[in-house]
Amino acid sequence: MLLTLAPSSPSFAKSKKNAQVSDYTKVKSAYVMDAKSGQTLYENHPDKQLPIASLSKMMTLYLTTQAIKHHQLNWNDKVPVNKQLIKMSKSYSLGSFKIKHSKQYTVKDLYKAALIASSNSAAIALGQAVTKGDNAKFIAMMNHQAKAWGINAHFVSSSGLDNTDLKHYGYRLDGTSAKAQNLVSAKAISIIAQHLIKAYPQISQWSNKATYKLGKQTLNNANSMLKPGFYYRASNHLTGLKTGYTETAGLCLTVTYWRNGRELIATIIGSQSTFSAMNGLITHLDKTVQSKAVSESPKTYNIKGRQVTVNPAEKRTRVWYRNGQDPKKIQVTNKLTADRLPVKKGQPVTTTSFTHTGLPTATTQSGTAAETVAKPAKKHTQSGGINWFSRLFAGIGRTFSQIF
């Protein structure tokens with residue numbers, strides 16, 4: 001006899017709850033961090049470079065956000081979309097958002113389409129909008145930015161598609177192999193997500209939408225952990241962020257969620273049951289990790305004989321530690337990383353590490369700990385006129401040689 005459980009029955013609810021959680025360790029890679037402090041809460045092969053599919057779009061969205069902040073683009077600019085990308089948008093397997101003609105949508109429209117519906121055409125079009133139509137230059141920007149952050153990432157695509165798909169639309173980069181794809185570690189893509197939400201904190205207004213109406217089309221988010229998805233749990237307090245899938249990468253997932261007043265970033269790459277594994281990982285951390293409030297004061301450092309006063313990134317933060325650790329022994333250490341003048345106000349000059357927490361020791365993240373509040377007396381006005389593009393493109397010639 002076939003037993004059918006009614007959706008409203010306790011047995012059905014229990015079976016659904018059990019199905020929502022699976023073994024979080026059975027993944028190729030995983031990483032969890034505090035979005036503000038950069039502290040590592042969990043890692044499993046965090047630095048292993050793996051295909052990440054559409055998680056790649058977070059770097060594309062970050063660079064688009066930076067272009068907007070530096071007035072290279074405007075949210076309301078109409079974006080040119082060429083015939084090949086229009087064709088891709090109508091593909092059964094590669095298109096999730098149909099584009100009928102060029103300049104039909106704004107930067108904001110395509111940003112939403114790339115984020116929520118993971119539109120490949122939208123992501124590539126955004127990259128080309130940033131670089132005035134030069135796709136190869138945008139890929140070089142992605143690699144150059146990754147190198148500047150010191151993260152383990154290698155990009156050949158702004159969308160996350162690999163060359164087996166890109167070649168049909170003329171987007172395979174010259175000099176790359178027939179099956180080349182973006183290779184990024186779970187830690188690296190989490191750090192990219194960290195920079196993205198710092199650059200555009202309002203991104204959760206879109207990333208937490210299971211569906212979103214854009215014009216006459218509905219953007220469908222593949223993240224089943226969002227309400228009303230099968231893997232949704234109200235207790236997660238999830239706010240996004242991005243899914244990814246290709247046949248070679250499998251299902252990849254980066255999420256943002258809140259615990260103890262802190263935003264956390266969690267990434268899983270290469271699982272047979274990524275959504276339930278993520279629920280399992282979040283549950284595991286809820287049971288094994290807690291946090292304590294820590295206050296920090298400004299410190300003074302000597303750089304080339306010059307006194308530089310440094311404010312902590314957060315005067316009052318929270319440090320995560322494993323159950324059983326003595327919170328009184330936890331130490332927060334700031335290490336000076338700047339070694340030359342001039343030091344500008346707002347420039348990261350230290351990194352922060354956390355010890356005696358029982359958590360992974362690789363918890364140092366550059367650029368999250370402090371900023372200078374006192375400039376050296378000597379003025380260097382020449383650098384003030386260099387715009388964002390000029391600074392970012394300064395090393396792209398070297399980056400080109402690395403991606404081919």
# chains A, B, ... in the order shown; residues from 1 in each chain; ligands from 1

$ residues_around --residues "Gly280 (chain A)" --least-positions-apart "5" --cutoff "7 Å" --atoms "only C-alpha atoms" --output "list in words"
Val21, Ser22, Asp23 and Tyr24 of chain A

$ write_last_selection --atoms "N, CA and C atoms" --output "PDB file, in the first residue's frame"
ATOM      1  N   VAL A  21      17.700  19.141   5.903  1.00  0.00           N
ATOM      2  CA  VAL A  21      19.053  19.159   6.452  1.00  0.00           C
ATOM      3  C   VAL A  21      19.801  17.903   6.034  1.00  0.00           C
ATOM      4  N   SER A  22      21.020  18.061   5.500  1.00  0.00           N
ATOM      5  CA  SER A  22      21.861  16.919   5.162  1.00  0.00           C
ATOM      6  C   SER A  22      23.276  17.173   5.661  1.00  0.00           C
ATOM      7  N   ASP A  23      24.150  16.232   5.442  1.00  0.00           N
ATOM      8  CA  ASP A  23      25.525  16.291   5.961  1.00  0.00           C
ATOM      9  C   ASP A  23      26.296  17.429   5.308  1.00  0.00           C
ATOM     10  N   TYR A  24      26.633  18.430   6.092  1.00  0.00           N
ATOM     11  CA  TYR A  24      27.337  19.613   5.579  1.00  0.00           C
ATOM     12  C   TYR A  24      28.798  19.325   5.256  1.00  0.00           C
TER      13      TYR A  24
END

$ residues_around --residues "region 244-247 of chain A" --least-positions-apart "2" --cutoff "8 Å" --atoms "only C-alpha atoms" --output "PyMOL selection string"
chain A and resi 52-55+118+161+242+249-253

$ write_last_selection --atoms "C-alpha atoms" --output "CSV table (one decimal), in the first residue's frame"
chain,number,residue,atom,x,y,z
A,52,ILE,CA,31.8,28.2,-9.2
A,53,ALA,CA,29.4,28.8,-12.2
A,54,SER,CA,27.2,31.8,-11.6
A,55,LEU,CA,28.7,32.7,-8.2
A,118,SER,CA,21.2,34.7,-12.8
A,161,LEU,CA,29.6,30.1,-18.2
A,242,LYS,CA,23.7,34.0,-5.0
A,249,ALA,CA,30.5,22.9,-11.3
A,250,GLY,CA,27.3,21.4,-9.9
A,251,LEU,CA,25.2,23.5,-7.6
A,252,CYS,CA,27.1,26.2,-5.8
A,253,LEU,CA,25.7,28.5,-3.2

$ closest_atom_pairs --of "region 244-306 of chain A" --to "region 221-234 of chain A" --cutoff "12 Å" --atoms "only C-alpha atoms" --output "CSV"
residue,atom,partner,partner_atom,distance
A:Gly244,CA,A:Ala222,CA,8.5
A:Tyr245,CA,A:Ala222,CA,9.6
A:Leu251,CA,A:Ala222,CA,10.2
A:Cys252,CA,A:Asn223,CA,10.2
A:Leu253,CA,A:Asn223,CA,8.2
A:Thr254,CA,A:Asn223,CA,9.7
A:Val255,CA,A:Met225,CA,9.1
A:Thr256,CA,A:Met225,CA,11.1
A:Tyr257,CA,A:Ala234,CA,10.9
A:Trp258,CA,A:Ala234,CA,11.4
A:Ser273,CA,A:Tyr231,CA,10.8
A:Thr274,CA,A:Ser224,CA,10.0
A:Phe275,CA,A:Tyr231,CA,6.5
A:Ser276,CA,A:Tyr231,CA,6.7
A:Ala277,CA,A:Tyr231,CA,10.1
A:Met278,CA,A:Met225,CA,8.9
A:Asn279,CA,A:Tyr231,CA,7.7
A:Gly280,CA,A:Tyr231,CA,10.8
A:Ile282,CA,A:Arg233,CA,10.7
A:Thr283,CA,A:Arg233,CA,10.8

$ write_last_selection --atoms "N, CA and C atoms" --output "PDB file, in the first residue's frame"
ATOM      1  N   GLY A 244      24.626  29.202  -8.133  1.00  0.00           N
ATOM      2  CA  GLY A 244      25.337  28.956  -9.390  1.00  0.00           C
ATOM      3  C   GLY A 244      25.229  27.500  -9.779  1.00  0.00           C
ATOM      4  N   TYR A 245      25.135  27.246 -11.097  1.00  0.00           N
ATOM      5  CA  TYR A 245      25.092  25.858 -11.554  1.00  0.00           C
ATOM      6  C   TYR A 245      25.584  25.743 -12.991  1.00  0.00           C
ATOM      7  N   LEU A 251      25.902  22.356  -8.263  1.00  0.00           N
ATOM      8  CA  LEU A 251      25.197  23.451  -7.606  1.00  0.00           C
ATOM      9  C   LEU A 251      26.104  24.105  -6.573  1.00  0.00           C
ATOM     10  N   CYS A 252      26.277  25.421  -6.700  1.00  0.00           N
ATOM     11  CA  CYS A 252      27.112  26.205  -5.788  1.00  0.00           C
ATOM     12  C   CYS A 252      26.220  27.249  -5.110  1.00  0.00           C
ATOM     13  N   LEU A 253      26.596  27.648  -3.920  1.00  0.00           N
ATOM     14  CA  LEU A 253      25.726  28.543  -3.168  1.00  0.00           C
ATOM     15  C   LEU A 253      26.520  29.413  -2.203  1.00  0.00           C
ATOM     16  N   THR A 254      26.262  30.713  -2.242  1.00  0.00           N
ATOM     17  CA  THR A 254      26.728  31.648  -1.222  1.00  0.00           C
ATOM     18  C   THR A 254      25.506  32.321  -0.627  1.00  0.00           C
ATOM     19  N   VAL A 255      25.407  32.308   0.698  1.00  0.00           N
ATOM     20  CA  VAL A 255      24.275  32.953   1.358  1.00  0.00           C
ATOM     21  C   VAL A 255      24.781  33.953   2.393  1.00  0.00           C
ATOM     22  N   THR A 256      23.945  34.935   2.685  1.00  0.00           N
ATOM     23  CA  THR A 256      24.168  35.842   3.801  1.00  0.00           C
ATOM     24  C   THR A 256      23.031  35.645   4.793  1.00  0.00           C
ATOM     25  N   TYR A 257      23.374  35.615   6.074  1.00  0.00           N
ATOM     26  CA  TYR A 257      22.350  35.456   7.105  1.00  0.00           C
ATOM     27  C   TYR A 257      22.836  36.109   8.393  1.00  0.00           C
ATOM     28  N   TRP A 258      21.920  36.295   9.350  1.00  0.00           N
ATOM     29  CA  TRP A 258      22.217  37.050  10.567  1.00  0.00           C
ATOM     30  C   TRP A 258      22.199  36.162  11.804  1.00  0.00           C
ATOM     31  N   SER A 273      23.605  17.906  -2.515  1.00  0.00           N
ATOM     32  CA  SER A 273      22.387  18.454  -1.903  1.00  0.00           C
ATOM     33  C   SER A 273      22.744  19.778  -1.235  1.00  0.00           C
ATOM     34  N   THR A 274      23.078  20.769  -2.048  1.00  0.00           N
ATOM     35  CA  THR A 274      23.669  22.003  -1.538  1.00  0.00           C
ATOM     36  C   THR A 274      22.768  22.752  -0.564  1.00  0.00           C
ATOM     37  N   PHE A 275      21.478  22.880  -0.864  1.00  0.00           N
ATOM     38  CA  PHE A 275      20.588  23.637   0.011  1.00  0.00           C
ATOM     39  C   PHE A 275      20.440  22.966   1.375  1.00  0.00           C
ATOM     40  N   SER A 276      20.233  21.657   1.383  1.00  0.00           N
ATOM     41  CA  SER A 276      20.097  20.955   2.664  1.00  0.00           C
ATOM     42  C   SER A 276      21.439  20.904   3.391  1.00  0.00           C
ATOM     43  N   ALA A 277      22.540  20.841   2.633  1.00  0.00           N
ATOM     44  CA  ALA A 277      23.863  20.877   3.259  1.00  0.00           C
ATOM     45  C   ALA A 277      24.112  22.230   3.919  1.00  0.00           C
ATOM     46  N   MET A 278      23.642  23.298   3.274  1.00  0.00           N
ATOM     47  CA  MET A 278      23.798  24.629   3.865  1.00  0.00           C
ATOM     48  C   MET A 278      22.969  24.750   5.137  1.00  0.00           C
ATOM     49  N   ASN A 279      21.752  24.224   5.114  1.00  0.00           N
ATOM     50  CA  ASN A 279      20.960  24.205   6.342  1.00  0.00           C
ATOM     51  C   ASN A 279      21.671  23.426   7.437  1.00  0.00           C
ATOM     52  N   GLY A 280      22.300  22.315   7.048  1.00  0.00           N
ATOM     53  CA  GLY A 280      23.045  21.516   8.011  1.00  0.00           C
ATOM     54  C   GLY A 280      24.236  22.267   8.577  1.00  0.00           C
ATOM     55  N   ILE A 282      24.582  25.603   8.777  1.00  0.00           N
ATOM     56  CA  ILE A 282      24.087  26.664   9.656  1.00  0.00           C
ATOM     57  C   ILE A 282      23.668  26.087  11.005  1.00  0.00           C
ATOM     58  N   THR A 283      22.990  24.936  10.989  1.00  0.00           N
ATOM     59  CA  THR A 283      22.583  24.276  12.227  1.00  0.00           C
ATOM     60  C   THR A 283      23.787  23.875  13.052  1.00  0.00           C
TER      61      THR A 283
END

$ atom_distance --atom1 "CA of Gly346 (chain A)" --atom2 "CA of Thr40 (chain A)"
23.8 Å

$ select_by_dssp --residues "region 20-244 of chain A" --states "strand (DSSP E)" --output "count of residues only"
32

$ residues_around --residues "Ser29 (chain A)" --least-positions-apart "4" --cutoff "7 Å" --atoms "only C-alpha atoms" --output "VMD selection string"
chain A and resid 44 to 46 186 268 to 270

$ atom_distance --atom1 "CA of Leu219 (chain A)" --atom2 "CA of Ala122 (chain A)"
12.2 Å

$ residues_around --residues "Val332 (chain A)" --least-positions-apart "5" --cutoff "9 Å" --atoms "only C-alpha atoms" --output "PDB file with N, CA, C and O atoms, in the first residue's frame"
ATOM      1  N   VAL A 294      33.470  42.576  22.122  1.00  0.00           N
ATOM      2  CA  VAL A 294      34.834  43.037  22.383  1.00  0.00           C
ATOM      3  C   VAL A 294      34.932  44.497  21.982  1.00  0.00           C
ATOM      4  O   VAL A 294      34.448  44.893  20.913  1.00  0.00           O
ATOM      5  N   GLU A 296      37.417  47.833  21.174  1.00  0.00           N
ATOM      6  CA  GLU A 296      38.763  48.205  20.756  1.00  0.00           C
ATOM      7  C   GLU A 296      38.915  49.716  20.772  1.00  0.00           C
ATOM      8  O   GLU A 296      37.961  50.447  20.523  1.00  0.00           O
ATOM      9  N   VAL A 319      33.404  38.683  18.709  1.00  0.00           N
ATOM     10  CA  VAL A 319      34.364  37.657  18.325  1.00  0.00           C
ATOM     11  C   VAL A 319      33.712  36.301  18.520  1.00  0.00           C
ATOM     12  O   VAL A 319      33.130  36.012  19.573  1.00  0.00           O
ATOM     13  N   THR A 352      43.452  42.172  11.204  1.00  0.00           N
ATOM     14  CA  THR A 352      43.050  41.694  12.522  1.00  0.00           C
ATOM     15  C   THR A 352      43.052  40.174  12.556  1.00  0.00           C
ATOM     16  O   THR A 352      42.609  39.524  11.605  1.00  0.00           O
ATOM     17  N   SER A 353      43.546  39.624  13.644  1.00  0.00           N
ATOM     18  CA  SER A 353      43.471  38.174  13.843  1.00  0.00           C
ATOM     19  C   SER A 353      42.905  37.885  15.226  1.00  0.00           C
ATOM     20  O   SER A 353      42.992  38.707  16.141  1.00  0.00           O
ATOM     21  N   PHE A 354      42.305  36.715  15.360  1.00  0.00           N
ATOM     22  CA  PHE A 354      41.636  36.320  16.594  1.00  0.00           C
ATOM     23  C   PHE A 354      42.235  35.005  17.069  1.00  0.00           C
ATOM     24  O   PHE A 354      42.295  34.034  16.314  1.00  0.00           O
ATOM     25  N   THR A 355      42.696  34.943  18.307  1.00  0.00           N
ATOM     26  CA  THR A 355      43.341  33.744  18.831  1.00  0.00           C
ATOM     27  C   THR A 355      42.603  33.222  20.057  1.00  0.00           C
ATOM     28  O   THR A 355      41.836  33.940  20.696  1.00  0.00           O
TER      29      THR A 355
END

$ select_by_dssp --residues "region 241-290 of chain A" --states "alpha helix (DSSP H)" --output "list in words"
Thr274, Phe275, Ser276, Ala277, Met278, Asn279, Gly280, Leu281, Ile282, Thr283, His284, Leu285, Asp286, Lys287 and Thr288 of chain A

$ write_last_selection --atoms "all heavy atoms" --output "short mmCIF file (atom, residue, chain, number, x, y, z; two decimals), in the first residue's frame"
data_model
loop_
_atom_site.label_atom_id
_atom_site.label_comp_id
_atom_site.auth_asym_id
_atom_site.auth_seq_id
_atom_site.Cartn_x
_atom_site.Cartn_y
_atom_site.Cartn_z
N THR A 274 23.08 20.77 -2.05
CA THR A 274 23.67 22.00 -1.54
C THR A 274 22.77 22.75 -0.56
O THR A 274 23.23 23.23 0.48
CB THR A 274 24.04 22.93 -2.71
OG1 THR A 274 24.97 22.24 -3.55
CG2 THR A 274 24.69 24.21 -2.22
N PHE A 275 21.48 22.88 -0.86
CA PHE A 275 20.59 23.64 0.01
C PHE A 275 20.44 22.97 1.38
O PHE A 275 20.52 23.64 2.42
CB PHE A 275 19.21 23.82 -0.63
CG PHE A 275 19.24 24.61 -1.91
CD1 PHE A 275 18.75 24.08 -3.10
CD2 PHE A 275 19.77 25.89 -1.93
CE1 PHE A 275 18.78 24.82 -4.27
CE2 PHE A 275 19.81 26.64 -3.09
CZ PHE A 275 19.32 26.10 -4.27
N SER A 276 20.23 21.66 1.38
CA SER A 276 20.10 20.96 2.66
C SER A 276 21.44 20.90 3.39
O SER A 276 21.49 20.94 4.62
CB SER A 276 19.54 19.54 2.46
OG SER A 276 20.36 18.79 1.59
N ALA A 277 22.54 20.84 2.63
CA ALA A 277 23.86 20.88 3.26
C ALA A 277 24.11 22.23 3.92
O ALA A 277 24.69 22.31 5.00
CB ALA A 277 24.94 20.59 2.23
N MET A 278 23.64 23.30 3.27
CA MET A 278 23.80 24.63 3.86
C MET A 278 22.97 24.75 5.14
O MET A 278 23.44 25.31 6.14
CB MET A 278 23.39 25.71 2.86
CG MET A 278 23.59 27.14 3.37
SD MET A 278 25.31 27.57 3.69
CE MET A 278 25.89 27.88 2.00
N ASN A 279 21.75 24.22 5.11
CA ASN A 279 20.96 24.20 6.34
C ASN A 279 21.67 23.43 7.44
O ASN A 279 21.66 23.81 8.61
CB ASN A 279 19.58 23.60 6.08
CG ASN A 279 18.58 24.61 5.55
OD1 ASN A 279 18.71 25.81 5.78
ND2 ASN A 279 17.58 24.13 4.83
N GLY A 280 22.30 22.32 7.05
CA GLY A 280 23.05 21.52 8.01
C GLY A 280 24.24 22.27 8.58
O GLY A 280 24.53 22.18 9.78
N LEU A 281 24.93 23.02 7.71
CA LEU A 281 26.09 23.80 8.15
C LEU A 281 25.66 24.90 9.12
O LEU A 281 26.30 25.13 10.15
CB LEU A 281 26.81 24.39 6.94
CG LEU A 281 28.02 25.29 7.21
CD1 LEU A 281 29.04 24.58 8.09
CD2 LEU A 281 28.64 25.75 5.90
N ILE A 282 24.58 25.60 8.78
CA ILE A 282 24.09 26.66 9.66
C ILE A 282 23.67 26.09 11.01
O ILE A 282 23.98 26.65 12.07
CB ILE A 282 22.92 27.41 8.98
CG1 ILE A 282 23.42 28.20 7.78
CG2 ILE A 282 22.23 28.34 9.97
CD1 ILE A 282 22.33 28.84 6.95
N THR A 283 22.99 24.94 10.99
CA THR A 283 22.58 24.28 12.23
C THR A 283 23.79 23.88 13.05
O THR A 283 23.82 24.05 14.28
CB THR A 283 21.73 23.04 11.91
OG1 THR A 283 20.54 23.44 11.23
CG2 THR A 283 21.34 22.30 13.19
N HIS A 284 24.81 23.33 12.38
CA HIS A 284 26.05 22.93 13.08
C HIS A 284 26.69 24.12 13.79
O HIS A 284 27.08 24.02 14.96
CB HIS A 284 27.03 22.34 12.07
CG HIS A 284 28.42 22.21 12.58
ND1 HIS A 284 28.79 21.28 13.53
CD2 HIS A 284 29.55 22.93 12.28
CE1 HIS A 284 30.08 21.42 13.80
NE2 HIS A 284 30.56 22.40 13.06
N LEU A 285 26.78 25.26 13.12
CA LEU A 285 27.39 26.43 13.74
C LEU A 285 26.53 26.97 14.88
O LEU A 285 27.06 27.44 15.90
CB LEU A 285 27.62 27.51 12.69
CG LEU A 285 28.71 27.19 11.66
CD1 LEU A 285 28.78 28.27 10.59
CD2 LEU A 285 30.07 27.03 12.32
N ASP A 286 25.21 26.91 14.71
CA ASP A 286 24.33 27.35 15.79
C ASP A 286 24.57 26.55 17.07
O ASP A 286 24.44 27.07 18.18
CB ASP A 286 22.86 27.22 15.37
CG ASP A 286 22.42 28.30 14.39
OD1 ASP A 286 23.13 29.31 14.27
OD2 ASP A 286 21.39 28.11 13.73
N LYS A 287 24.91 25.28 16.91
CA LYS A 287 25.09 24.39 18.05
C LYS A 287 26.50 24.44 18.64
O LYS A 287 26.70 24.08 19.81
CB LYS A 287 24.77 22.95 17.65
CG LYS A 287 23.31 22.70 17.34
CD LYS A 287 23.08 21.24 16.92
CE LYS A 287 21.61 20.97 16.65
NZ LYS A 287 21.38 19.56 16.21
N THR A 288 27.48 24.88 17.86
CA THR A 288 28.87 24.74 18.29
C THR A 288 29.63 26.05 18.45
O THR A 288 30.75 26.05 18.98
CB THR A 288 29.65 23.86 17.29
OG1 THR A 288 29.61 24.46 15.98
CG2 THR A 288 29.06 22.46 17.22
#

$ atom_distance --atom1 "CA of Ala117 (chain A)" --atom2 "CA of Ala136 (chain A)"
23.9 Å

$ residues_around --residues "region 106-109 of chain A" --least-positions-apart "3" --cutoff "8 Å" --atoms "only C-alpha atoms" --output "tab-separated table (two decimals) with all heavy atoms, in the first residue's frame"
chain	number	residue	atom	x	y	z
A	73	LEU	N	29.17	54.81	-14.63
A	73	LEU	CA	27.85	54.35	-15.06
A	73	LEU	C	26.80	54.98	-14.17
A	73	LEU	O	27.10	55.42	-13.05
A	73	LEU	CB	27.74	52.82	-14.96
A	73	LEU	CG	28.37	51.93	-16.02
A	73	LEU	CD1	28.12	50.46	-15.66
A	73	LEU	CD2	27.83	52.23	-17.41
A	74	ASN	N	25.57	54.96	-14.65
A	74	ASN	CA	24.43	55.42	-13.87
A	74	ASN	C	23.39	54.31	-13.83
A	74	ASN	O	23.21	53.60	-14.81
A	74	ASN	CB	23.84	56.70	-14.49
A	74	ASN	CG	22.75	57.31	-13.63
A	74	ASN	OD1	21.64	56.77	-13.52
A	74	ASN	ND2	23.06	58.43	-13.01
A	75	TRP	N	22.70	54.17	-12.71
A	75	TRP	CA	21.69	53.12	-12.59
A	75	TRP	C	20.67	53.18	-13.72
A	75	TRP	O	20.14	52.15	-14.14
A	75	TRP	CB	20.95	53.25	-11.26
A	75	TRP	CG	21.67	52.73	-10.05
A	75	TRP	CD1	22.12	53.46	-9.00
A	75	TRP	CD2	22.00	51.36	-9.76
A	75	TRP	NE1	22.71	52.64	-8.07
A	75	TRP	CE2	22.64	51.35	-8.51
A	75	TRP	CE3	21.80	50.16	-10.42
A	75	TRP	CZ2	23.10	50.16	-7.91
A	75	TRP	CZ3	22.26	48.98	-9.83
A	75	TRP	CH2	22.90	48.99	-8.60
A	76	ASN	N	20.38	54.37	-14.21
A	76	ASN	CA	19.33	54.53	-15.22
A	76	ASN	C	19.84	54.55	-16.65
A	76	ASN	O	19.06	54.76	-17.58
A	76	ASN	CB	18.54	55.81	-14.92
A	76	ASN	CG	17.79	55.73	-13.60
A	76	ASN	OD1	17.21	54.70	-13.28
A	76	ASN	ND2	17.83	56.81	-12.83
A	77	ASP	N	21.14	54.33	-16.84
A	77	ASP	CA	21.69	54.25	-18.20
A	77	ASP	C	21.10	53.07	-18.94
A	77	ASP	O	21.01	51.96	-18.39
A	77	ASP	CB	23.21	54.11	-18.17
A	77	ASP	CG	23.93	55.37	-17.73
A	77	ASP	OD1	23.29	56.44	-17.73
A	77	ASP	OD2	25.13	55.28	-17.38
A	78	LYS	N	20.71	53.27	-20.19
A	78	LYS	CA	20.29	52.16	-21.05
A	78	LYS	C	21.53	51.40	-21.52
A	78	LYS	O	22.51	52.01	-21.97
A	78	LYS	CB	19.51	52.68	-22.25
A	78	LYS	CG	18.17	53.30	-21.90
A	78	LYS	CD	17.13	52.23	-21.59
A	78	LYS	CE	15.74	52.84	-21.44
A	78	LYS	NZ	14.69	51.81	-21.23
A	79	VAL	N	21.51	50.09	-21.41
A	79	VAL	CA	22.69	49.27	-21.70
A	79	VAL	C	22.61	48.66	-23.10
A	79	VAL	O	21.65	47.96	-23.42
A	79	VAL	CB	22.85	48.15	-20.66
A	79	VAL	CG1	24.08	47.29	-20.98
A	79	VAL	CG2	22.96	48.73	-19.26
A	103	LYS	N	19.60	48.21	-25.77
A	103	LYS	CA	19.21	49.38	-24.95
A	103	LYS	C	17.75	49.32	-24.50
A	103	LYS	O	17.11	50.34	-24.30
A	103	LYS	CB	19.49	50.68	-25.71
A	103	LYS	CG	20.97	50.92	-25.99
A	103	LYS	CD	21.21	52.29	-26.59
A	103	LYS	CE	22.70	52.53	-26.79
A	103	LYS	NZ	22.98	53.88	-27.35
A	112	LYS	N	19.52	43.54	-11.57
A	112	LYS	CA	18.52	42.68	-10.93
A	112	LYS	C	18.43	41.33	-11.64
A	112	LYS	O	18.33	40.28	-11.00
A	112	LYS	CB	17.15	43.35	-10.94
A	112	LYS	CG	17.05	44.61	-10.11
A	112	LYS	CD	15.68	45.27	-10.32
A	112	LYS	CE	15.55	46.60	-9.61
A	112	LYS	NZ	14.25	47.26	-9.89
A	113	ALA	N	18.44	41.35	-12.97
A	113	ALA	CA	18.32	40.11	-13.75
A	113	ALA	C	19.51	39.20	-13.50
A	113	ALA	O	19.36	37.98	-13.40
A	113	ALA	CB	18.20	40.45	-15.23
A	126	LEU	N	26.53	43.87	-18.61
A	126	LEU	CA	26.98	44.80	-17.57
A	126	LEU	C	28.50	44.98	-17.63
A	126	LEU	O	29.01	46.10	-17.52
A	126	LEU	CB	26.57	44.31	-16.19
A	126	LEU	CG	25.09	44.45	-15.82
A	126	LEU	CD1	24.81	43.77	-14.48
A	126	LEU	CD2	24.67	45.91	-15.76
A	214	LEU	N	9.85	42.20	-13.35
A	214	LEU	CA	10.63	43.20	-14.08
A	214	LEU	C	9.99	43.37	-15.45
A	214	LEU	O	10.11	42.50	-16.32
A	214	LEU	CB	12.09	42.78	-14.21
A	214	LEU	CG	13.04	43.77	-14.88
A	214	LEU	CD1	13.02	45.11	-14.18
A	214	LEU	CD2	14.46	43.22	-14.90
